[in-house]
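The file upload08.pdb comes next; it holds PDB, C-alpha atoms, pLDDT in the B column.
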```
ATOM      1  CA  ALA A1457      -5.682 -24.471 -60.849  1.00 89.00           C
ATOM      2  CA  LEU A1458      -2.650 -22.638 -62.225  1.00 92.00           C
ATOM      3  CA  LEU A1459      -2.719 -20.192 -59.320  1.00 90.00           C
ATOM      4  CA  GLN A1460      -2.870 -23.052 -56.844  1.00 89.00           C
ATOM      5  CA  GLU A1461       0.091 -24.752 -58.501  1.00 91.00           C
ATOM      6  CA  ALA A1462       2.044 -21.489 -58.494  1.00 92.00           C
ATOM      7  CA  ALA A1463       1.273 -20.957 -54.804  1.00 93.00           C
ATOM      8  CA  ILE A1464       2.482 -24.462 -53.924  1.00 91.00           C
ATOM      9  CA  ARG A1465       5.737 -23.979 -55.818  1.00 91.00           C
ATOM     10  CA  LEU A1466       6.326 -20.538 -54.338  1.00 92.00           C
ATOM     11  CA  ALA A1467       5.586 -21.673 -50.796  1.00 93.00           C
ATOM     12  CA  ALA A1468       8.106 -24.491 -51.277  1.00 93.00           C
ATOM     13  CA  THR A1469      10.891 -21.901 -51.697  1.00 92.00           C
ATOM     14  CA  TYR A1470      10.362 -20.591 -48.159  1.00 94.00           C
ATOM     15  CA  SER A1471      13.722 -20.289 -46.392  1.00 94.00           C
ATOM     16  CA  HIS A1472      13.801 -21.070 -42.678  1.00 95.00           C
ATOM     17  CA  GLU A1473      17.151 -19.301 -42.495  1.00 94.00           C
ATOM     18  CA  LEU A1474      15.721 -16.088 -43.921  1.00 95.00           C
ATOM     19  CA  ARG A1475      12.307 -16.605 -42.321  1.00 95.00           C
ATOM     20  CA  ALA A1476      11.045 -15.388 -45.678  1.00 96.00           C
ATOM     21  CA  ILE A1477      10.626 -16.307 -49.326  1.00 95.00           C
ATOM     22  CA  PRO A1478      13.746 -15.133 -51.206  1.00 94.00           C
ATOM     23  CA  LEU A1479      13.566 -12.997 -54.317  1.00 91.00           C
ATOM     24  CA  GLY A1480      15.276 -15.758 -56.272  1.00 85.00           C
ATOM     25  CA  ALA A1481      17.871 -15.995 -59.011  1.00 78.00           C
ATOM     26  CA  ALA A1482      15.851 -14.435 -61.859  1.00 77.00           C
ATOM     27  CA  MET A1483      16.079 -10.853 -63.172  1.00 67.00           C
ATOM     28  CA  GLY A1484      19.795 -10.650 -62.442  1.00 66.00           C
ATOM     29  CA  GLY A1485      19.522 -11.914 -58.878  1.00 70.00           C
ATOM     30  CA  GLY A1486      21.908 -14.805 -59.436  1.00 76.00           C
ATOM     31  CA  VAL A1487      23.088 -16.819 -56.445  1.00 77.00           C
ATOM     32  CA  LYS A1488      22.743 -13.726 -54.248  1.00 83.00           C
ATOM     33  CA  GLY A1489      19.018 -13.664 -54.974  1.00 84.00           C
ATOM     34  CA  ARG A1490      18.556 -16.702 -52.761  1.00 89.00           C
ATOM     35  CA  ALA A1491      19.526 -14.575 -49.759  1.00 93.00           C
ATOM     36  CA  CYS A1492      17.548 -11.435 -50.677  1.00 94.00           C
ATOM     37  CA  ILE A1493      14.097 -10.094 -49.880  1.00 95.00           C
ATOM     38  CA  GLY A1494      12.431  -7.003 -51.326  1.00 94.00           C
ATOM     39  CA  VAL A1495       9.283  -4.923 -51.252  1.00 95.00           C
ATOM     40  CA  ASP A1496       8.472  -5.341 -54.962  1.00 93.00           C
ATOM     41  CA  SER A1497       7.019  -8.807 -54.593  1.00 92.00           C
ATOM     42  CA  LEU A1498       5.207  -8.368 -51.254  1.00 96.00           C
ATOM     43  CA  ALA A1499       1.726  -7.550 -52.570  1.00 96.00           C
ATOM     44  CA  SER A1500       1.615 -10.342 -55.133  1.00 94.00           C
ATOM     45  CA  LEU A1501       3.175 -12.833 -52.716  1.00 95.00           C
ATOM     46  CA  VAL A1502       0.602 -12.124 -50.002  1.00 95.00           C
ATOM     47  CA  ALA A1503      -2.277 -12.240 -52.483  1.00 94.00           C
ATOM     48  CA  LEU A1504      -1.114 -15.549 -53.950  1.00 94.00           C
ATOM     49  CA  LEU A1505      -0.324 -17.410 -50.726  1.00 94.00           C
ATOM     50  CA  ALA A1506      -2.927 -16.080 -48.296  1.00 89.00           C
ATOM     51  CA  HIS A1507      -5.647 -18.439 -49.526  1.00 84.00           C
ATOM     52  CA  ALA A1508      -3.491 -21.392 -50.582  1.00 87.00           C
ATOM     53  CA  GLY A1509      -3.703 -23.343 -47.340  1.00 88.00           C
ATOM     54  CA  ALA A1510      -2.578 -22.840 -43.763  1.00 90.00           C
ATOM     55  CA  ASP A1511       1.127 -23.512 -44.361  1.00 91.00           C
ATOM     56  CA  ALA A1512       1.339 -21.176 -47.362  1.00 92.00           C
ATOM     57  CA  ALA A1513      -0.553 -18.440 -45.506  1.00 93.00           C
ATOM     58  CA  GLN A1514       1.786 -18.815 -42.534  1.00 94.00           C
ATOM     59  CA  HIS A1515       4.807 -18.497 -44.823  1.00 95.00           C
ATOM     60  CA  ALA A1516       3.304 -15.323 -46.316  1.00 96.00           C
ATOM     61  CA  ARG A1517       2.732 -13.836 -42.878  1.00 97.00           C
ATOM     62  CA  GLN A1518       6.209 -14.735 -41.634  1.00 97.00           C
ATOM     63  CA  HIS A1519       7.690 -13.266 -44.817  1.00 97.00           C
ATOM     64  CA  THR A1520       5.781 -10.045 -44.173  1.00 98.00           C
ATOM     65  CA  ASP A1521       6.977  -9.936 -40.555  1.00 98.00           C
ATOM     66  CA  THR A1522      10.586 -10.402 -41.637  1.00 98.00           C
ATOM     67  CA  LEU A1523      10.355  -7.721 -44.293  1.00 98.00           C
ATOM     68  CA  ILE A1524       8.889  -5.264 -41.770  1.00 98.00           C
ATOM     69  CA  ALA A1525      11.588  -6.074 -39.212  1.00 98.00           C
ATOM     70  CA  VAL A1526      14.386  -5.646 -41.742  1.00 97.00           C
ATOM     71  CA  CYS A1527      13.213  -2.967 -44.193  1.00 98.00           C
ATOM     72  CA  ALA A1528      10.840  -0.694 -42.240  1.00 98.00           C
ATOM     73  CA  THR A1529      11.947   2.502 -40.509  1.00 98.00           C
ATOM     74  CA  GLU A1530      10.305   4.386 -37.654  1.00 96.00           C
ATOM     75  CA  CYS A1531       9.171   7.171 -39.990  1.00 97.00           C
ATOM     76  CA  GLY A1532       7.296   4.761 -42.282  1.00 98.00           C
ATOM     77  CA  ALA A1533       9.867   4.720 -45.089  1.00 98.00           C
ATOM     78  CA  PHE A1534      10.930   1.331 -46.446  1.00 98.00           C
ATOM     79  CA  PHE A1535      14.259   0.140 -47.752  1.00 97.00           C
ATOM     80  CA  PRO A1536      13.604  -1.494 -51.130  1.00 95.00           C
ATOM     81  CA  GLU A1537      15.728  -4.600 -50.581  1.00 94.00           C
ATOM     82  CA  ALA A1538      17.894  -6.440 -48.083  1.00 95.00           C
ATOM     83  CA  SER A1539      20.241  -9.416 -48.130  1.00 94.00           C
ATOM     84  CA  LEU A1540      21.346 -11.818 -45.422  1.00 94.00           C
ATOM     85  CA  SER A1541      25.043 -12.587 -44.935  1.00 90.00           C
ATOM     86  CA  GLU A1542      27.196 -13.889 -42.119  1.00 88.00           C
ATOM     87  CA  GLY A1543      27.108 -10.429 -40.596  1.00 86.00           C
ATOM     88  CA  GLY A1544      23.312 -10.317 -40.537  1.00 94.00           C
ATOM     89  CA  TRP A1545      20.826  -8.412 -42.653  1.00 95.00           C
ATOM     90  CA  GLN A1546      22.163  -5.628 -44.873  1.00 95.00           C
ATOM     91  CA  VAL A1547      19.658  -3.149 -46.311  1.00 96.00           C
ATOM     92  CA  GLN A1548      20.207  -1.687 -49.761  1.00 91.00           C
ATOM     93  CA  GLY A1549      19.401   1.734 -51.138  1.00 90.00           C
ATOM     94  CA  GLU A1550      17.894   4.659 -49.234  1.00 93.00           C
ATOM     95  CA  ALA A1551      14.717   4.149 -47.238  1.00 95.00           C
ATOM     96  CA  GLY A1552      11.719   5.771 -48.921  1.00 94.00           C
ATOM     97  CA  ALA A1553      13.744   7.357 -51.722  1.00 93.00           C
ATOM     98  CA  TRP A1554      12.372   5.139 -54.495  1.00 92.00           C
ATOM     99  CA  PRO A1555       8.687   5.949 -55.066  1.00 95.00           C
ATOM    100  CA  ARG A1556       7.859   2.615 -56.711  1.00 94.00           C
ATOM    101  CA  GLY A1557       9.386   0.650 -53.848  1.00 95.00           C
ATOM    102  CA  GLN A1558       7.532   2.657 -51.189  1.00 97.00           C
ATOM    103  CA  ALA A1559       4.281   2.207 -53.087  1.00 98.00           C
ATOM    104  CA  TRP A1560       4.745  -1.566 -53.406  1.00 97.00           C
ATOM    105  CA  ALA A1561       5.431  -1.751 -49.663  1.00 98.00           C
ATOM    106  CA  MET A1562       2.234   0.213 -48.993  1.00 98.00           C
ATOM    107  CA  LEU A1563       0.138  -2.098 -51.143  1.00 98.00           C
ATOM    108  CA  GLY A1564       1.543  -5.303 -49.664  1.00 98.00           C
ATOM    109  CA  LEU A1565       1.059  -3.990 -46.128  1.00 98.00           C
ATOM    110  CA  ALA A1566      -2.493  -2.853 -46.893  1.00 98.00           C
ATOM    111  CA  GLN A1567      -3.305  -6.363 -48.098  1.00 97.00           C
ATOM    112  CA  ALA A1568      -1.734  -7.798 -44.943  1.00 97.00           C
ATOM    113  CA  ALA A1569      -3.863  -5.399 -42.875  1.00 97.00           C
ATOM    114  CA  VAL A1570      -7.032  -6.658 -44.557  1.00 96.00           C
ATOM    115  CA  LEU A1571      -6.075 -10.290 -43.961  1.00 95.00           C
ATOM    116  CA  TRP A1572      -4.528 -10.183 -40.498  1.00 96.00           C
ATOM    117  CA  GLY A1573      -5.372  -6.862 -38.825  1.00 97.00           C
ATOM    118  CA  GLU A1574      -2.765  -5.516 -36.434  1.00 97.00           C
ATOM    119  CA  PRO A1575       0.129  -4.807 -36.374  1.00 97.00           C
ATOM    120  CA  TYR A1576      -0.085  -4.550 -40.147  1.00 98.00           C
ATOM    121  CA  VAL A1577      -2.757  -1.827 -40.061  1.00 98.00           C
ATOM    122  CA  THR A1578      -0.450   0.441 -38.062  1.00 97.00           C
ATOM    123  CA  VAL A1579       2.616  -0.299 -40.193  1.00 98.00           C
ATOM    124  CA  ALA A1580       0.664   0.200 -43.421  1.00 98.00           C
ATOM    125  CA  LEU A1581      -0.729   3.510 -42.194  1.00 98.00           C
ATOM    126  CA  GLY A1582       2.770   4.668 -41.297  1.00 98.00           C
ATOM    127  CA  ALA A1583       3.978   3.832 -44.803  1.00 98.00           C
ATOM    128  CA  CYS A1584       1.043   5.730 -46.328  1.00 98.00           C
ATOM    129  CA  ARG A1585       1.655   8.761 -44.152  1.00 98.00           C
ATOM    130  CA  TYR A1586       5.298   8.788 -45.166  1.00 98.00           C
ATOM    131  CA  TRP A1587       4.240   8.785 -48.833  1.00 98.00           C
ATOM    132  CA  LEU A1588       1.874  11.710 -48.267  1.00 98.00           C
ATOM    133  CA  ARG A1589       4.564  13.702 -46.458  1.00 97.00           C
ATOM    134  CA  ARG A1590       7.172  13.090 -49.138  1.00 97.00           C
ATOM    135  CA  TRP A1591       4.964  13.339 -52.250  1.00 97.00           C
ATOM    136  CA  PRO A1592       1.867  15.319 -51.215  1.00 96.00           C
ATOM    137  CA  ASP A1593       1.185  16.360 -54.806  1.00 94.00           C
ATOM    138  CA  GLY A1594       1.202  12.780 -56.100  1.00 94.00           C
ATOM    139  CA  ARG A1595       4.009  13.527 -58.559  1.00 92.00           C
ATOM    140  CA  PRO A1596       7.141  11.684 -57.394  1.00 92.00           C
ATOM    141  CA  LEU A1597      10.250  12.140 -59.489  1.00 86.00           C
ATOM    142  CA  GLN A1598      12.549   9.273 -60.309  1.00 78.00           C
ATOM    143  CA  PRO A1599      15.364   9.065 -57.749  1.00 72.00           C
ATOM    144  CA  ALA A1600      18.954   9.934 -58.620  1.00 67.00           C
ATOM    145  CA  GLY A1601      18.129  13.077 -60.565  1.00 63.00           C
ATOM    146  CA  GLY A1602      15.534  11.621 -62.891  1.00 64.00           C
ATOM    147  CA  VAL A1603      13.474  13.976 -65.032  1.00 69.00           C
ATOM    148  CA  LEU A1604      10.317  11.883 -65.395  1.00 81.00           C
ATOM    149  CA  TYR A1605       7.557  11.525 -62.848  1.00 88.00           C
ATOM    150  CA  ASP A1606       6.600   8.008 -61.775  1.00 91.00           C
ATOM    151  CA  LEU A1607       2.822   8.322 -61.706  1.00 92.00           C
ATOM    152  CA  SER A1608       2.528   4.552 -61.959  1.00 92.00           C
ATOM    153  CA  ALA A1609       3.935   4.565 -58.428  1.00 95.00           C
ATOM    154  CA  THR A1610       1.196   7.035 -57.518  1.00 96.00           C
ATOM    155  CA  ALA A1611      -1.411   4.660 -58.944  1.00 95.00           C
ATOM    156  CA  ILE A1612      -0.076   1.818 -56.775  1.00 97.00           C
ATOM    157  CA  ALA A1613      -0.062   4.118 -53.736  1.00 98.00           C
ATOM    158  CA  VAL A1614      -3.662   5.173 -54.416  1.00 98.00           C
ATOM    159  CA  VAL A1615      -4.827   1.540 -54.497  1.00 98.00           C
ATOM    160  CA  ALA A1616      -2.947   0.915 -51.237  1.00 98.00           C
ATOM    161  CA  MET A1617      -4.588   3.874 -49.500  1.00 98.00           C
ATOM    162  CA  GLN A1618      -8.038   2.932 -50.753  1.00 98.00           C
ATOM    163  CA  THR A1619      -7.497  -0.663 -49.596  1.00 97.00           C
ATOM    164  CA  LEU A1620      -6.432   0.472 -46.126  1.00 98.00           C
ATOM    165  CA  ALA A1621      -8.962   3.280 -45.602  1.00 97.00           C
ATOM    166  CA  PRO A1622     -11.924   1.059 -44.547  1.00 96.00           C
ATOM    167  CA  ARG A1623      -9.716  -0.548 -41.872  1.00 95.00           C
ATOM    168  CA  ILE A1624      -8.797   2.584 -39.911  1.00 96.00           C
ATOM    169  CA  ALA A1625     -10.680   5.078 -37.753  1.00 92.00           C
ATOM    170  CA  ASP A1626      -9.808   8.119 -39.868  1.00 88.00           C
ATOM    171  CA  GLY A1627     -10.331   6.245 -43.122  1.00 94.00           C
ATOM    172  CA  ALA A1628     -12.304   9.083 -44.711  1.00 96.00           C
ATOM    173  CA  ASP A1629      -9.259  11.335 -44.471  1.00 96.00           C
ATOM    174  CA  LEU A1630      -7.011   8.737 -46.090  1.00 97.00           C
ATOM    175  CA  GLU A1631      -9.617   8.198 -48.818  1.00 97.00           C
ATOM    176  CA  ARG A1632      -9.645  11.952 -49.457  1.00 97.00           C
ATOM    177  CA  HIS A1633      -5.867  11.964 -49.885  1.00 97.00           C
ATOM    178  CA  ALA A1634      -6.134   8.986 -52.235  1.00 97.00           C
ATOM    179  CA  HIS A1635      -8.682  10.827 -54.386  1.00 97.00           C
ATOM    180  CA  ALA A1636      -6.458  13.912 -54.513  1.00 97.00           C
ATOM    181  CA  GLN A1637      -3.508  11.813 -55.677  1.00 96.00           C
ATOM    182  CA  LEU A1638      -5.675  10.080 -58.256  1.00 95.00           C
ATOM    183  CA  ALA A1639      -6.620  13.534 -59.539  1.00 95.00           C
ATOM    184  CA  ALA A1640      -2.905  14.237 -60.019  1.00 91.00           C
ATOM    185  CA  ILE A1641      -2.789  11.310 -62.442  1.00 91.00           C
ATOM    186  CA  VAL A1642      -5.946  12.273 -64.287  1.00 91.00           C
ATOM    187  CA  ARG A1643      -4.804  15.890 -64.699  1.00 90.00           C
ATOM    188  CA  SER A1644      -1.237  15.027 -65.656  1.00 89.00           C
ATOM    189  CA  GLU A1645       0.426  15.308 -69.038  1.00 86.00           C
ATOM    190  CA  TYR A1646       0.721  11.528 -69.032  1.00 86.00           C
ATOM    191  CA  LEU A1647      -3.005  10.865 -69.460  1.00 86.00           C
ATOM    192  CA  VAL A1648      -4.613  11.882 -72.764  1.00 82.00           C
ATOM    193  CA  LEU A1649      -8.151  13.191 -72.172  1.00 78.00           C
ATOM    194  CA  ASP A1650      -8.384  15.877 -74.859  1.00 71.00           C
ATOM    195  CA  ASP A1651     -11.459  15.423 -77.055  1.00 68.00           C
ATOM    196  CA  THR A1652      -9.474  16.752 -80.003  1.00 62.00           C
ATOM    197  CA  ALA A1653      -6.805  14.080 -79.646  1.00 60.00           C
ATOM    198  CA  ASP A1654      -6.476  11.144 -81.985  1.00 67.00           C
ATOM    199  CA  SER A1655      -9.165   8.669 -80.903  1.00 70.00           C
ATOM    200  CA  SER A1656      -6.556   5.923 -80.706  1.00 72.00           C
ATOM    201  CA  LEU A1657      -4.673   7.925 -78.052  1.00 74.00           C
ATOM    202  CA  ARG A1658      -7.583   9.147 -75.932  1.00 76.00           C
ATOM    203  CA  GLY A1659      -7.448   7.609 -72.475  1.00 79.00           C
ATOM    204  CA  LEU A1660      -3.847   6.416 -72.924  1.00 83.00           C
ATOM    205  CA  PHE A1661      -1.635   6.612 -69.832  1.00 84.00           C
ATOM    206  CA  HIS A1662       1.905   6.844 -71.206  1.00 81.00           C
ATOM    207  CA  GLY A1663       5.228   8.652 -71.223  1.00 78.00           C
ATOM    208  CA  ALA A1664       5.938   8.585 -67.491  1.00 75.00           C
ATOM    209  CA  CYS A1665       8.740   6.732 -65.722  1.00 72.00           C
ATOM    210  CA  TYR A1666       8.683   3.036 -66.782  1.00 65.00           C
TER
END
```
So, in terms of structure tokens, how does the structure I just supplied come out?
Amino acid sequence: ALLQEAAIRLAATYSHELRAIPLGAAMGGGVKGRACIGVDSLASLVALLAHAGADAAQHARQHTDTLIAVCATECGAFFPEASLSEGGWQVQGEAGAWPRGQAWAMLGLAQAAVLWGEPYVTVALGACRYWLRRWPDGRPLQPAGGVLYDLSATAIAVVAMQTLAPRIADGADLERHAHAQLAAIVRSEYLVLDDTADSSLRGLFHGACY
């Protein structure tokens, strides 16, 4: 019941001007947030609205279409955010440079592919292939000279690839890449698996970016 209520309230914020659901004023967005869209919320937005009635599902699909049109690039990289002004849409940041943003785009697109098929399957696959070209070892560094790896972004990317794999012809290959990236998490210094470790720490995934 709470999810249904949340979906109704979220769907009600749909902007016909943006042809999308804006990020909103929270988390520092302010007034500008009412004219912004971003990849961070795509996966949760699609999951919440897709089964909340025809109008809500249509809003979710239109939001996804707008985000693809504005934030996607031909190489599969995604700009993390964009805002609409009198001059049209203005993208922010560097496409594909932020691992967490690329991973969130992958997951949202994979969910869209499951729900609606093409063209989302093709766009999602392009985003996944970009990830694998840029971070083949599954250890993306923070952008802007960061010193910590964002393996939480890798975890999101792995879920996206595993979600998409059954929907594509060469799904076994994508699943293999997902397993290899998951192994990068398991074997990393950020996951405590040592039998000699304090029992309260064993299995803890910690210390990475965010």
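Residues in contact with Ile1477 (chain A) at 8 Å, where only C-alpha atoms are counted and same-chain residues fewer than 4 positions away are skipped, are listed as A:Leu1466, A:Ala1467, A:Thr1469, A:Tyr1470, A:Ser1471, A:Ile1493, A:His1515, A:Ala1516, A:His1519.
Considering the residues A:Phe1534, A:Tyr1646, A:Tyr1605, A:Trp1591 and counting all atoms listed in the file, His1633 (chain A) has its shortest atom-to-atom contact with A:Trp1591.
The smallest atom-to-atom distance between Leu1638 (chain A) and any of A:Ala1613, A:Ala1583, A:Ala1551, A:Ala1506, using all atoms listed in the file, is found for A:Ala1613.
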Might you pull out every residue within 9 Å of Val1579 (chain A), with all atoms listed in the file counted and same-chain residues fewer than 3 positions away left off, and present them as a ChimeraX atom specification? /A:1524,1528,1532,1562,1565-1566,1569,1574-1576,1582-1584
When you look at Glu1542 (chain A) with a cut-off of 12 Å (counting all atoms listed in the file), what residues show up, excluding the ones that are within fewer than 5 positions of it in the same chain? I need them as a list in words.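 Contacts, with the query itself left out: Glu1473, Leu1474 and Ala1491 of chain A.
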Dump as an mmCIF file, in the frame of the given file, selection limited to C-alpha atoms:
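What ended up in part28.cif:
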```cif
data_model
loop_
_atom_site.group_PDB
_atom_site.id
_atom_site.type_symbol
_atom_site.label_atom_id
_atom_site.label_comp_id
_atom_site.auth_asym_id
_atom_site.auth_seq_id
_atom_site.Cartn_x
_atom_site.Cartn_y
_atom_site.Cartn_z
ATOM 1 C CA GLU A 1473 17.151 -19.301 -42.495
ATOM 2 C CA LEU A 1474 15.721 -16.088 -43.921
ATOM 3 C CA ALA A 1491 19.526 -14.575 -49.759
#
```
Using all atoms listed in the file: which of A:Gln1618, A:Gln1598, A:Ser1655, A:Ser1541 has the shortest distance to Arg1490 (chain A):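 Under the stated criterion, the closest residue is A:Ser1541.
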When you draw a straight line from CA of Ala1640 (chain A) to CA of Arg1589 (chain A), how long is it in Å? 15.5 Å
Judged by only C-alpha atoms, the minimum distance to Pro1478 (chain A) among A:Glu1537, A:Glu1530, A:Asp1511, A:Asp1650 is found for A:Glu1537
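With all atoms listed in the file as the atoms that count, the minimum distance from Gly1549 (chain A) to the choices A:Trp1587, A:Leu1581, A:Ala1508, A:Gly1494 is reached by A:Gly1494.
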Suppose a student applies the PyMOL selection byres ((chain A and resi 1631) around 12) to this structure; what residues should they get, written as a PyMOL selection string? chain A and resi 1584+1613-1630+1632-1638
Please produce an output containing C-alpha atoms for each residue in the selection, written as a tab-separated table (two decimals), in the frame of the given file.
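File selection_4.tsv, as written:
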```
chain	number	residue	atom	x	y	z
A	1584	CYS	CA	1.04	5.73	-46.33
A	1613	ALA	CA	-0.06	4.12	-53.74
A	1614	VAL	CA	-3.66	5.17	-54.42
A	1615	VAL	CA	-4.83	1.54	-54.50
A	1616	ALA	CA	-2.95	0.92	-51.24
A	1617	MET	CA	-4.59	3.87	-49.50
A	1618	GLN	CA	-8.04	2.93	-50.75
A	1619	THR	CA	-7.50	-0.66	-49.60
A	1620	LEU	CA	-6.43	0.47	-46.13
A	1621	ALA	CA	-8.96	3.28	-45.60
A	1622	PRO	CA	-11.92	1.06	-44.55
A	1623	ARG	CA	-9.72	-0.55	-41.87
A	1624	ILE	CA	-8.80	2.58	-39.91
A	1625	ALA	CA	-10.68	5.08	-37.75
A	1626	ASP	CA	-9.81	8.12	-39.87
A	1627	GLY	CA	-10.33	6.24	-43.12
A	1628	ALA	CA	-12.30	9.08	-44.71
A	1629	ASP	CA	-9.26	11.34	-44.47
A	1630	LEU	CA	-7.01	8.74	-46.09
A	1632	ARG	CA	-9.64	11.95	-49.46
A	1633	HIS	CA	-5.87	11.96	-49.88
A	1634	ALA	CA	-6.13	8.99	-52.24
A	1635	HIS	CA	-8.68	10.83	-54.39
A	1636	ALA	CA	-6.46	13.91	-54.51
A	1637	GLN	CA	-3.51	11.81	-55.68
A	1638	LEU	CA	-5.68	10.08	-58.26
```
Could you tell me which residues the PyMOL selection byres ((chain A and resi 1564) around 8) returns for this structure, as JSON, numbers by chain? {"A": [1495, 1498, 1499, 1500, 1502, 1560, 1561, 1562, 1563, 1565, 1566, 1567, 1568, 1616]}
Provide the CA of Leu1459 (chain A) to CA of Leu1501 (chain A) distance in Å, to one decimal place. 11.5 Å
Hey, which of A:Ala1512, A:Gly1659, A:Cys1492, A:Arg1517 ends up closest to Pro1536 (chain A)? Count all atoms listed in the file. A:Cys1492
